[in-house]
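Take a look at the structure below.
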Amino acid sequence: MNKIKYIHLLEVDSTNAYLRQYAREEEEAKDGITVVTAEFQTAGKGQGKNTWESNHGDNLLFSILCHPTFVPVSRQFLLSQAMALAIRDALRMYIGDVCIKWPNDIYWHDHKLGGILIECSLSGSGIKDCILGVGLDVNQREFENLTKNPISLYQITHREIDREELLHSIMDDFCHYLHLLELHEYDHIALDYLHSLYRKHGYHAYRDENGDFLARIVTIEPSGRLVLKDEDGMLRSYAFKQVKFLIKGKNVDV
């Protein structure tokens with residue numbers, strides 16, 4: 001079992017930024033796993049320029065510092081997959097129909113429950129440190145910004161969720177997947193991730209730099225690229241942020 005140290009903060013700019021500094025300054029950060037949680041983030045981030053809307057004390061905002069030196073640099077997307085699967089497993093204690101929207105969002109039906117932000121630092125040809133930032137909408141009642149179709153566990157279950165209990169469940173599951181990575185069970189994790197994807201069946205609407213189209217998911221490449229097949233049978237491969245998912249009947253793209 002991995003040794004886990006928990007640090008709880010009332011407020012911070014971002015838990016990822018806190019752990020970046022912690023990894024540089026603290027000798028104990030070189031061993032085990034460090035988890036930092038915060039009641040509120042003043043500069044919480046998503047992918048790219050996205051920000052995270054979260055009321056003070058309502059949600060689960062945390063980052064994990066680990067040292068997966070056993071994961072090849074070329075397969076570092078496995079760490080994002082492992083984190084997404086751990087969150088999926090933990091959420092299944094509360095709700096059904098949890099899925100993963102490529103590359104790193106947690107979905108319930110057509111609504112976003114949370115997201116993951118991963119940062120790896122390298123040493124030579126290997127991974128030295130990995131910081132995984134997670135934001136999960138847990139007990140928030142309402143959202144001001146609806147452009148990303150957010151939803152919380154409270155809105156689904158109509159009850160308060162114990163955030164600490166949920167966090168520890170996620171960490172238990174994440175340690176399980178880290179152990180599988182140590183055993184080089186890469187295909188097990190990649191296939192589980194593929195089968196858990198949002199829109200894993202059928203044709204759906206997407207948008208890239210050339211416009212809108214219908215396609216189905218074929219696979220996820222080891223690098224993390226999404227491979228789609230459009231209605232004409234053409235394969236299309238995308239890196240992060242190169243394609244958007246269009247949600248029918250809603251004025252949103254994600």
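Letters A, B, ... go to the chains of the structure tokens in the order shown; residues in each chain start at 1; ligands are counted from 1 in the same order.
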
Inset, instruction - Extract, using only C-alpha atoms, all DNA, RNA and protein residues at most 6 Å from stretch 25-40 of chain A, discarding same-chain residues fewer than 4 positions from it, and format them as JSON, numbers by chain. - result: {"A": [2, 3, 4, 5, 6, 7, 8, 9, 10, 11, 56, 57, 61, 62, 63, 64, 65, 66]}

With all heavy atoms retained, export the selected residues as a short mmCIF file (atom, residue, chain, number, x, y, z; two decimals), in the first residue's frame.
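Result file follows (result-v3.cif):
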```cif
data_model
loop_
_atom_site.label_atom_id
_atom_site.label_comp_id
_atom_site.auth_asym_id
_atom_site.auth_seq_id
_atom_site.Cartn_x
_atom_site.Cartn_y
_atom_site.Cartn_z
N ASN A 2 0.57 2.20 -0.87
CA ASN A 2 1.33 3.43 -0.93
C ASN A 2 1.09 4.27 0.32
O ASN A 2 -0.03 4.36 0.82
CB ASN A 2 0.90 4.25 -2.17
CG ASN A 2 1.28 3.59 -3.47
OD1 ASN A 2 2.42 3.64 -3.88
ND2 ASN A 2 0.31 2.96 -4.13
N LYS A 3 2.17 4.88 0.81
CA LYS A 3 2.07 5.81 1.92
C LYS A 3 1.48 7.12 1.40
O LYS A 3 2.01 7.71 0.46
CB LYS A 3 3.44 6.04 2.54
CG LYS A 3 3.44 7.03 3.70
CD LYS A 3 4.85 7.26 4.20
CE LYS A 3 4.86 8.32 5.30
NZ LYS A 3 6.24 8.60 5.76
N ILE A 4 0.40 7.59 2.05
CA ILE A 4 -0.28 8.80 1.59
C ILE A 4 -0.26 9.84 2.70
O ILE A 4 -0.65 9.56 3.83
CB ILE A 4 -1.74 8.49 1.18
CG1 ILE A 4 -1.78 7.42 0.09
CG2 ILE A 4 -2.43 9.77 0.69
CD1 ILE A 4 -3.19 7.02 -0.30
N LYS A 5 0.18 11.04 2.34
CA LYS A 5 0.12 12.18 3.26
C LYS A 5 -0.96 13.13 2.77
O LYS A 5 -0.98 13.51 1.59
CB LYS A 5 1.46 12.91 3.33
CG LYS A 5 1.41 14.17 4.20
CD LYS A 5 2.72 14.91 4.23
CE LYS A 5 2.62 16.16 5.11
NZ LYS A 5 3.90 16.91 5.16
N TYR A 6 -1.87 13.54 3.67
CA TYR A 6 -2.95 14.46 3.32
C TYR A 6 -2.66 15.84 3.90
O TYR A 6 -2.30 15.97 5.07
CB TYR A 6 -4.29 13.95 3.85
CG TYR A 6 -4.81 12.74 3.13
CD1 TYR A 6 -4.49 11.45 3.58
CD2 TYR A 6 -5.61 12.86 2.00
CE1 TYR A 6 -4.97 10.33 2.92
CE2 TYR A 6 -6.10 11.74 1.34
CZ TYR A 6 -5.78 10.47 1.80
OH TYR A 6 -6.24 9.36 1.15
N ILE A 7 -2.82 16.87 3.08
CA ILE A 7 -2.69 18.27 3.50
C ILE A 7 -4.00 18.97 3.15
O ILE A 7 -4.45 18.91 2.00
CB ILE A 7 -1.52 18.97 2.79
CG1 ILE A 7 -0.20 18.27 3.10
CG2 ILE A 7 -1.46 20.45 3.18
CD1 ILE A 7 0.98 18.79 2.26
N HIS A 8 -4.63 19.62 4.13
CA HIS A 8 -5.89 20.31 3.88
C HIS A 8 -5.69 21.82 4.01
O HIS A 8 -5.15 22.30 5.01
CB HIS A 8 -6.97 19.86 4.85
CG HIS A 8 -8.29 20.53 4.62
ND1 HIS A 8 -9.06 20.28 3.51
CD2 HIS A 8 -8.97 21.45 5.35
CE1 HIS A 8 -10.16 21.02 3.56
NE2 HIS A 8 -10.12 21.74 4.66
N LEU A 9 -6.12 22.57 3.01
CA LEU A 9 -6.00 24.02 2.99
C LEU A 9 -7.40 24.65 2.90
O LEU A 9 -8.28 24.11 2.24
CB LEU A 9 -5.18 24.47 1.77
CG LEU A 9 -3.79 23.83 1.60
CD1 LEU A 9 -3.19 24.25 0.27
CD2 LEU A 9 -2.87 24.23 2.75
N LEU A 10 -7.57 25.77 3.58
CA LEU A 10 -8.84 26.48 3.49
C LEU A 10 -8.96 27.19 2.14
O LEU A 10 -10.03 27.17 1.52
CB LEU A 10 -8.98 27.48 4.64
CG LEU A 10 -9.12 26.86 6.03
CD1 LEU A 10 -9.23 27.97 7.08
CD2 LEU A 10 -10.34 25.94 6.11
N GLU A 11 -7.87 27.81 1.70
CA GLU A 11 -7.90 28.54 0.43
C GLU A 11 -6.51 28.54 -0.18
O GLU A 11 -5.50 28.62 0.52
CB GLU A 11 -8.37 29.98 0.65
CG GLU A 11 -8.54 30.78 -0.64
CD GLU A 11 -9.18 32.14 -0.41
OE1 GLU A 11 -10.29 32.18 0.20
OE2 GLU A 11 -8.57 33.16 -0.83
N HIS A 56 -17.42 27.97 -2.30
CA HIS A 56 -16.57 27.68 -1.15
C HIS A 56 -17.15 26.52 -0.34
O HIS A 56 -18.30 26.55 0.10
CB HIS A 56 -16.44 28.92 -0.28
CG HIS A 56 -15.37 28.83 0.76
ND1 HIS A 56 -15.48 28.02 1.87
CD2 HIS A 56 -14.15 29.42 0.84
CE1 HIS A 56 -14.38 28.13 2.59
NE2 HIS A 56 -13.56 28.97 1.99
N GLY A 57 -16.34 25.47 -0.15
CA GLY A 57 -16.71 24.36 0.73
C GLY A 57 -17.72 23.38 0.19
O GLY A 57 -18.12 22.46 0.90
N LEU A 61 -12.00 19.51 -4.30
CA LEU A 61 -10.92 20.09 -5.08
C LEU A 61 -9.61 19.57 -4.50
O LEU A 61 -9.27 19.87 -3.35
CB LEU A 61 -10.95 21.62 -5.00
CG LEU A 61 -12.31 22.29 -5.24
CD1 LEU A 61 -12.23 23.78 -4.95
CD2 LEU A 61 -12.79 22.04 -6.66
N PHE A 62 -8.86 18.80 -5.27
CA PHE A 62 -7.64 18.23 -4.72
C PHE A 62 -6.64 17.93 -5.83
O PHE A 62 -6.99 17.83 -7.01
CB PHE A 62 -7.93 16.97 -3.92
CG PHE A 62 -8.41 15.78 -4.71
CD1 PHE A 62 -7.54 14.77 -5.08
CD2 PHE A 62 -9.75 15.67 -5.07
CE1 PHE A 62 -7.99 13.67 -5.80
CE2 PHE A 62 -10.21 14.56 -5.77
CZ PHE A 62 -9.33 13.56 -6.15
N SER A 63 -5.38 17.80 -5.41
CA SER A 63 -4.31 17.40 -6.32
C SER A 63 -3.48 16.33 -5.66
O SER A 63 -3.32 16.30 -4.43
CB SER A 63 -3.43 18.60 -6.69
OG SER A 63 -4.14 19.55 -7.45
N ILE A 64 -2.93 15.45 -6.49
CA ILE A 64 -2.13 14.32 -6.04
C ILE A 64 -0.73 14.45 -6.61
O ILE A 64 -0.56 14.68 -7.82
CB ILE A 64 -2.74 12.99 -6.52
CG1 ILE A 64 -4.17 12.82 -6.01
CG2 ILE A 64 -1.87 11.81 -6.11
CD1 ILE A 64 -4.92 11.72 -6.72
N LEU A 65 0.28 14.32 -5.76
CA LEU A 65 1.67 14.24 -6.21
C LEU A 65 2.14 12.80 -6.03
O LEU A 65 2.11 12.26 -4.93
CB LEU A 65 2.56 15.19 -5.39
CG LEU A 65 4.08 15.03 -5.58
CD1 LEU A 65 4.48 15.39 -7.01
CD2 LEU A 65 4.83 15.90 -4.57
N CYS A 66 2.56 12.18 -7.13
CA CYS A 66 3.09 10.83 -7.06
C CYS A 66 4.32 10.73 -7.95
O CYS A 66 4.68 11.69 -8.65
CB CYS A 66 2.03 9.79 -7.46
SG CYS A 66 1.34 10.00 -9.12
#
```

Inset, instruction - List every residue of stretch 112-251 of chain A that DSSP, applied to the backbone of this structure, places in strand (DSSP E), and write the result as an MDAnalysis selection string. - result: chainID A and resid 112:123 126:136 204:208 211:220 226:230 235:238 244:245

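Restricting the calculation to only C-alpha atoms, the smallest distance between A:Trp102 and any of A:Ala90, A:Ile247, A:Ile116, A:Leu167 is found for A:Ile116.
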
Inset, instruction - Please identify all polymer residues within 12 Å of A:Val71, counting only C-alpha atoms, omitting same-chain residues fewer than 2 positions from it, and present them as number ranges by chain. - result: A: 66-69, 73-80, 82, 120, 122, 125-130, 178-186

Export of the given selection (N, CA and C atoms) as an mmCIF file, in the first residue's frame:
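Produced file part21.cif, reproduced below:
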```cif
data_model
loop_
_atom_site.group_PDB
_atom_site.id
_atom_site.type_symbol
_atom_site.label_atom_id
_atom_site.label_comp_id
_atom_site.auth_asym_id
_atom_site.auth_seq_id
_atom_site.Cartn_x
_atom_site.Cartn_y
_atom_site.Cartn_z
ATOM 1 N N CYS A 66 2.560 12.185 -7.129
ATOM 2 C CA CYS A 66 3.094 10.828 -7.062
ATOM 3 C C CYS A 66 4.323 10.732 -7.949
ATOM 4 N N HIS A 67 4.975 9.575 -7.903
ATOM 5 C CA HIS A 67 6.257 9.409 -8.598
ATOM 6 C C HIS A 67 6.235 8.116 -9.409
ATOM 7 N N PRO A 68 5.477 8.106 -10.498
ATOM 8 C CA PRO A 68 5.304 6.888 -11.294
ATOM 9 C C PRO A 68 6.472 6.667 -12.261
ATOM 10 N N THR A 69 7.644 6.444 -11.706
ATOM 11 C CA THR A 69 8.852 6.270 -12.527
ATOM 12 C C THR A 69 8.768 5.017 -13.404
ATOM 13 N N VAL A 73 7.528 7.489 -20.598
ATOM 14 C CA VAL A 73 7.100 8.828 -21.000
ATOM 15 C C VAL A 73 6.086 8.749 -22.138
ATOM 16 N N SER A 74 6.306 7.823 -23.064
ATOM 17 C CA SER A 74 5.422 7.691 -24.223
ATOM 18 C C SER A 74 4.021 7.205 -23.849
ATOM 19 N N ARG A 75 3.854 6.692 -22.622
ATOM 20 C CA ARG A 75 2.556 6.171 -22.179
ATOM 21 C C ARG A 75 2.009 6.952 -20.983
ATOM 22 N N GLN A 76 2.421 8.214 -20.806
ATOM 23 C CA GLN A 76 2.009 8.956 -19.621
ATOM 24 C C GLN A 76 0.507 9.227 -19.588
ATOM 25 N N PHE A 77 -0.185 9.112 -20.735
ATOM 26 C CA PHE A 77 -1.637 9.274 -20.720
ATOM 27 C C PHE A 77 -2.299 8.202 -19.867
ATOM 28 N N LEU A 78 -1.600 7.082 -19.629
ATOM 29 C CA LEU A 78 -2.132 6.039 -18.750
ATOM 30 C C LEU A 78 -2.431 6.576 -17.351
ATOM 31 N N LEU A 79 -1.659 7.558 -16.897
ATOM 32 C CA LEU A 79 -1.878 8.128 -15.564
ATOM 33 C C LEU A 79 -3.202 8.887 -15.512
ATOM 34 N N SER A 80 -3.508 9.614 -16.579
ATOM 35 C CA SER A 80 -4.798 10.297 -16.655
ATOM 36 C C SER A 80 -5.926 9.278 -16.724
ATOM 37 N N ALA A 82 -5.854 6.218 -15.471
ATOM 38 C CA ALA A 82 -5.958 5.595 -14.151
ATOM 39 C C ALA A 82 -6.741 6.481 -13.186
ATOM 40 N N CYS A 120 3.213 16.310 -15.765
ATOM 41 C CA CYS A 120 4.328 15.400 -15.479
ATOM 42 C C CYS A 120 5.650 16.126 -15.660
ATOM 43 N N LEU A 122 9.780 15.352 -16.141
ATOM 44 C CA LEU A 122 10.576 14.249 -16.644
ATOM 45 C C LEU A 122 12.008 14.334 -16.150
ATOM 46 N N SER A 125 14.813 9.944 -19.666
ATOM 47 C CA SER A 125 13.801 9.313 -20.505
ATOM 48 C C SER A 125 12.601 8.837 -19.695
ATOM 49 N N GLY A 126 12.567 9.181 -18.390
ATOM 50 C CA GLY A 126 11.488 8.698 -17.538
ATOM 51 C C GLY A 126 10.700 9.817 -16.893
ATOM 52 N N ILE A 127 9.605 9.433 -16.238
ATOM 53 C CA ILE A 127 8.779 10.371 -15.488
ATOM 54 C C ILE A 127 9.336 10.481 -14.076
ATOM 55 N N LYS A 128 9.561 11.705 -13.618
ATOM 56 C CA LYS A 128 10.051 11.929 -12.259
ATOM 57 C C LYS A 128 8.890 12.119 -11.294
ATOM 58 N N ASP A 129 8.064 13.122 -11.558
ATOM 59 C CA ASP A 129 6.916 13.434 -10.713
ATOM 60 C C ASP A 129 5.673 13.578 -11.589
ATOM 61 N N CYS A 130 4.522 13.335 -10.998
ATOM 62 C CA CYS A 130 3.258 13.569 -11.680
ATOM 63 C C CYS A 130 2.297 14.237 -10.703
ATOM 64 N N LEU A 178 -2.555 2.410 -9.847
ATOM 65 C CA LEU A 178 -1.106 2.609 -9.857
ATOM 66 C C LEU A 178 -0.380 1.268 -9.746
ATOM 67 N N HIS A 179 -0.921 0.387 -8.907
ATOM 68 C CA HIS A 179 -0.314 -0.937 -8.755
ATOM 69 C C HIS A 179 -0.387 -1.711 -10.072
ATOM 70 N N LEU A 180 -1.503 -1.600 -10.779
ATOM 71 C CA LEU A 180 -1.608 -2.254 -12.085
ATOM 72 C C LEU A 180 -0.576 -1.692 -13.058
ATOM 73 N N LEU A 181 -0.325 -0.383 -12.985
ATOM 74 C CA LEU A 181 0.704 0.216 -13.845
ATOM 75 C C LEU A 181 2.091 -0.311 -13.487
ATOM 76 N N GLU A 182 2.360 -0.477 -12.198
ATOM 77 C CA GLU A 182 3.633 -1.062 -11.774
ATOM 78 C C GLU A 182 3.817 -2.464 -12.349
ATOM 79 N N LEU A 183 2.707 -3.189 -12.485
ATOM 80 C CA LEU A 183 2.747 -4.541 -13.045
ATOM 81 C C LEU A 183 2.715 -4.536 -14.579
ATOM 82 N N HIS A 184 2.766 -3.340 -15.164
ATOM 83 C CA HIS A 184 2.737 -3.158 -16.620
ATOM 84 C C HIS A 184 1.435 -3.669 -17.239
ATOM 85 N N GLU A 185 0.345 -3.540 -16.503
ATOM 86 C CA GLU A 185 -0.973 -3.934 -17.012
ATOM 87 C C GLU A 185 -1.574 -2.784 -17.828
ATOM 88 N N TYR A 186 -0.812 -2.337 -18.812
ATOM 89 C CA TYR A 186 -1.220 -1.171 -19.595
ATOM 90 C C TYR A 186 -2.502 -1.446 -20.391
#
```

Inset, instruction - To one decimal in Å, tell me the separation between atom CA of A:Thr147 and atom CA of A:Ile100. - result: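 These atoms are spaced 18.4 Å apart.
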
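Interatomic distance, atom CA of A:Gln242 against atom CA of A:Tyr107: 19.6 Å.
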
Legend entry - Close residues, A:Glu231 itself excluded, 12 Å, only C-alpha atoms, min 3 positions apart in chain, as a list in words: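 The contact residues come out as Gly202, Tyr203, His204, Ala205, Tyr206, Asp212, Phe213, Leu214, Ala215, Arg216, Ile217, Leu228, Met234, Leu235 and Arg236 of chain A.
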
Hey, can you spit out that residue selection with all heavy atoms as a short mmCIF file (atom, residue, chain, number, x, y, z; two decimals), in the first residue's frame?
```
data_model
loop_
_atom_site.label_atom_id
_atom_site.label_comp_id
_atom_site.auth_asym_id
_atom_site.auth_seq_id
_atom_site.Cartn_x
_atom_site.Cartn_y
_atom_site.Cartn_z
N GLY A 202 -22.29 4.21 -31.19
CA GLY A 202 -23.06 4.99 -32.15
C GLY A 202 -22.35 6.21 -32.70
O GLY A 202 -21.22 6.54 -32.31
N TYR A 203 -23.05 6.89 -33.62
CA TYR A 203 -22.52 8.10 -34.26
C TYR A 203 -23.05 9.32 -33.52
O TYR A 203 -24.23 9.37 -33.15
CB TYR A 203 -22.93 8.15 -35.73
CG TYR A 203 -22.13 7.21 -36.59
CD1 TYR A 203 -22.45 5.86 -36.67
CD2 TYR A 203 -21.04 7.66 -37.33
CE1 TYR A 203 -21.72 4.98 -37.45
CE2 TYR A 203 -20.29 6.79 -38.12
CZ TYR A 203 -20.63 5.45 -38.17
OH TYR A 203 -19.89 4.59 -38.93
N HIS A 204 -22.17 10.31 -33.35
CA HIS A 204 -22.52 11.53 -32.62
C HIS A 204 -21.91 12.73 -33.32
O HIS A 204 -21.05 12.59 -34.20
CB HIS A 204 -22.04 11.44 -31.17
CG HIS A 204 -22.65 10.32 -30.41
ND1 HIS A 204 -23.86 10.41 -29.77
CD2 HIS A 204 -22.21 9.04 -30.19
CE1 HIS A 204 -24.16 9.27 -29.19
NE2 HIS A 204 -23.17 8.41 -29.44
N ALA A 205 -22.35 13.92 -32.89
CA ALA A 205 -21.92 15.16 -33.55
C ALA A 205 -20.62 15.68 -32.93
O ALA A 205 -20.48 15.74 -31.71
CB ALA A 205 -23.02 16.21 -33.43
N TYR A 206 -19.71 16.07 -33.81
CA TYR A 206 -18.42 16.64 -33.40
C TYR A 206 -18.13 17.86 -34.27
O TYR A 206 -18.76 18.08 -35.31
CB TYR A 206 -17.30 15.62 -33.57
CG TYR A 206 -17.45 14.38 -32.71
CD1 TYR A 206 -18.16 13.26 -33.17
CD2 TYR A 206 -16.92 14.32 -31.43
CE1 TYR A 206 -18.33 12.14 -32.38
CE2 TYR A 206 -17.07 13.20 -30.63
CZ TYR A 206 -17.77 12.11 -31.11
OH TYR A 206 -17.93 11.00 -30.32
N ASP A 212 -18.60 20.81 -38.75
CA ASP A 212 -19.32 19.79 -38.00
C ASP A 212 -19.41 18.49 -38.79
O ASP A 212 -19.48 18.50 -40.03
CB ASP A 212 -20.74 20.27 -37.68
CG ASP A 212 -20.75 21.51 -36.79
OD1 ASP A 212 -19.67 21.94 -36.36
OD2 ASP A 212 -21.84 22.05 -36.56
N PHE A 213 -19.45 17.37 -38.08
CA PHE A 213 -19.56 16.07 -38.73
C PHE A 213 -20.08 15.04 -37.72
O PHE A 213 -20.06 15.27 -36.51
CB PHE A 213 -18.21 15.62 -39.30
CG PHE A 213 -17.13 15.44 -38.26
CD1 PHE A 213 -16.83 14.17 -37.75
CD2 PHE A 213 -16.40 16.53 -37.78
CE1 PHE A 213 -15.84 14.00 -36.80
CE2 PHE A 213 -15.41 16.36 -36.82
CZ PHE A 213 -15.13 15.09 -36.32
N LEU A 214 -20.54 13.90 -38.23
CA LEU A 214 -20.97 12.79 -37.40
C LEU A 214 -19.91 11.69 -37.45
O LEU A 214 -19.36 11.40 -38.53
CB LEU A 214 -22.31 12.23 -37.87
CG LEU A 214 -23.53 13.14 -37.73
CD1 LEU A 214 -24.75 12.47 -38.35
CD2 LEU A 214 -23.80 13.48 -36.28
N ALA A 215 -19.63 11.09 -36.29
CA ALA A 215 -18.60 10.04 -36.26
C ALA A 215 -18.82 9.17 -35.03
O ALA A 215 -19.58 9.51 -34.13
CB ALA A 215 -17.21 10.66 -36.23
N ARG A 216 -18.15 8.02 -35.03
CA ARG A 216 -18.15 7.15 -33.87
C ARG A 216 -16.73 6.97 -33.37
O ARG A 216 -15.76 7.10 -34.12
CB ARG A 216 -18.77 5.79 -34.20
CG ARG A 216 -18.00 4.96 -35.22
CD ARG A 216 -18.65 3.60 -35.42
NE ARG A 216 -17.94 2.80 -36.42
CZ ARG A 216 -16.91 2.02 -36.13
NH1 ARG A 216 -16.44 1.95 -34.89
NH2 ARG A 216 -16.33 1.30 -37.08
N ILE A 217 -16.61 6.66 -32.08
CA ILE A 217 -15.29 6.44 -31.48
C ILE A 217 -14.77 5.07 -31.89
O ILE A 217 -15.48 4.06 -31.79
CB ILE A 217 -15.36 6.54 -29.95
CG1 ILE A 217 -15.70 7.99 -29.53
CG2 ILE A 217 -14.05 6.10 -29.31
CD1 ILE A 217 -15.91 8.16 -28.04
N LEU A 228 -11.57 8.73 -34.42
CA LEU A 228 -12.97 8.66 -34.81
C LEU A 228 -13.09 8.14 -36.23
O LEU A 228 -12.17 8.28 -37.03
CB LEU A 228 -13.62 10.05 -34.75
CG LEU A 228 -13.61 10.80 -33.41
CD1 LEU A 228 -14.19 12.20 -33.60
CD2 LEU A 228 -14.40 10.03 -32.36
N MET A 234 -14.05 7.46 -43.09
CA MET A 234 -12.71 8.03 -42.95
C MET A 234 -12.31 8.08 -41.47
O MET A 234 -13.10 8.51 -40.62
CB MET A 234 -12.67 9.44 -43.53
CG MET A 234 -11.30 10.11 -43.43
SD MET A 234 -11.31 11.80 -44.10
CE MET A 234 -11.70 11.45 -45.82
N LEU A 235 -11.09 7.64 -41.17
CA LEU A 235 -10.57 7.73 -39.81
C LEU A 235 -10.01 9.12 -39.57
O LEU A 235 -9.31 9.69 -40.41
CB LEU A 235 -9.47 6.69 -39.59
CG LEU A 235 -9.92 5.22 -39.59
CD1 LEU A 235 -8.71 4.31 -39.44
CD2 LEU A 235 -10.93 4.96 -38.48
N ARG A 236 -10.32 9.68 -38.41
CA ARG A 236 -9.85 11.01 -38.03
C ARG A 236 -9.19 10.89 -36.65
O ARG A 236 -9.80 10.41 -35.71
CB ARG A 236 -11.00 12.01 -37.96
CG ARG A 236 -11.81 12.16 -39.25
CD ARG A 236 -13.00 13.07 -39.00
NE ARG A 236 -13.81 13.30 -40.18
CZ ARG A 236 -14.23 14.51 -40.58
NH1 ARG A 236 -13.88 15.60 -39.89
NH2 ARG A 236 -14.99 14.65 -41.64
#
```

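Counting only C-alpha atoms and comparing A:Ala43, A:Met93, A:Met171, A:Met83, the residue that lies closest to A:Ile189 is A:Met83.
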
Legend entry - Residue set, stretch 1-234 of chain A restricted to helix (DSSP H, G or I), as a PyMOL selection string: chain A and resi 15-25+27-30+73-75+77-91+153-157+163-182+186-195

Inset, instruction - Choose the residue, out of A:Leu19, A:Leu226, A:Leu146, A:Leu246, that has the smallest atom-to-atom separation from A:Asn104; count only C-alpha atoms. - result: A:Leu226

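Pairwise distance (atom CA of A:Leu136, atom CA of A:Leu60) equals 5.1 Å.
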
Legend entry - Selected residue, from A:Ile95, A:Ile161, A:Val243, A:Leu191, that lies nearest to A:Arg207 when counting only C-alpha atoms: A:Val243

Legend entry - Option closest in space to A:Arg199, from A:Trp108, A:Arg24, A:Phe240, A:Ile87 [counting only C-alpha atoms]: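 Among A:Trp108, A:Arg24, A:Phe240, A:Ile87, it is A:Trp108 that comes nearest to A:Arg199.
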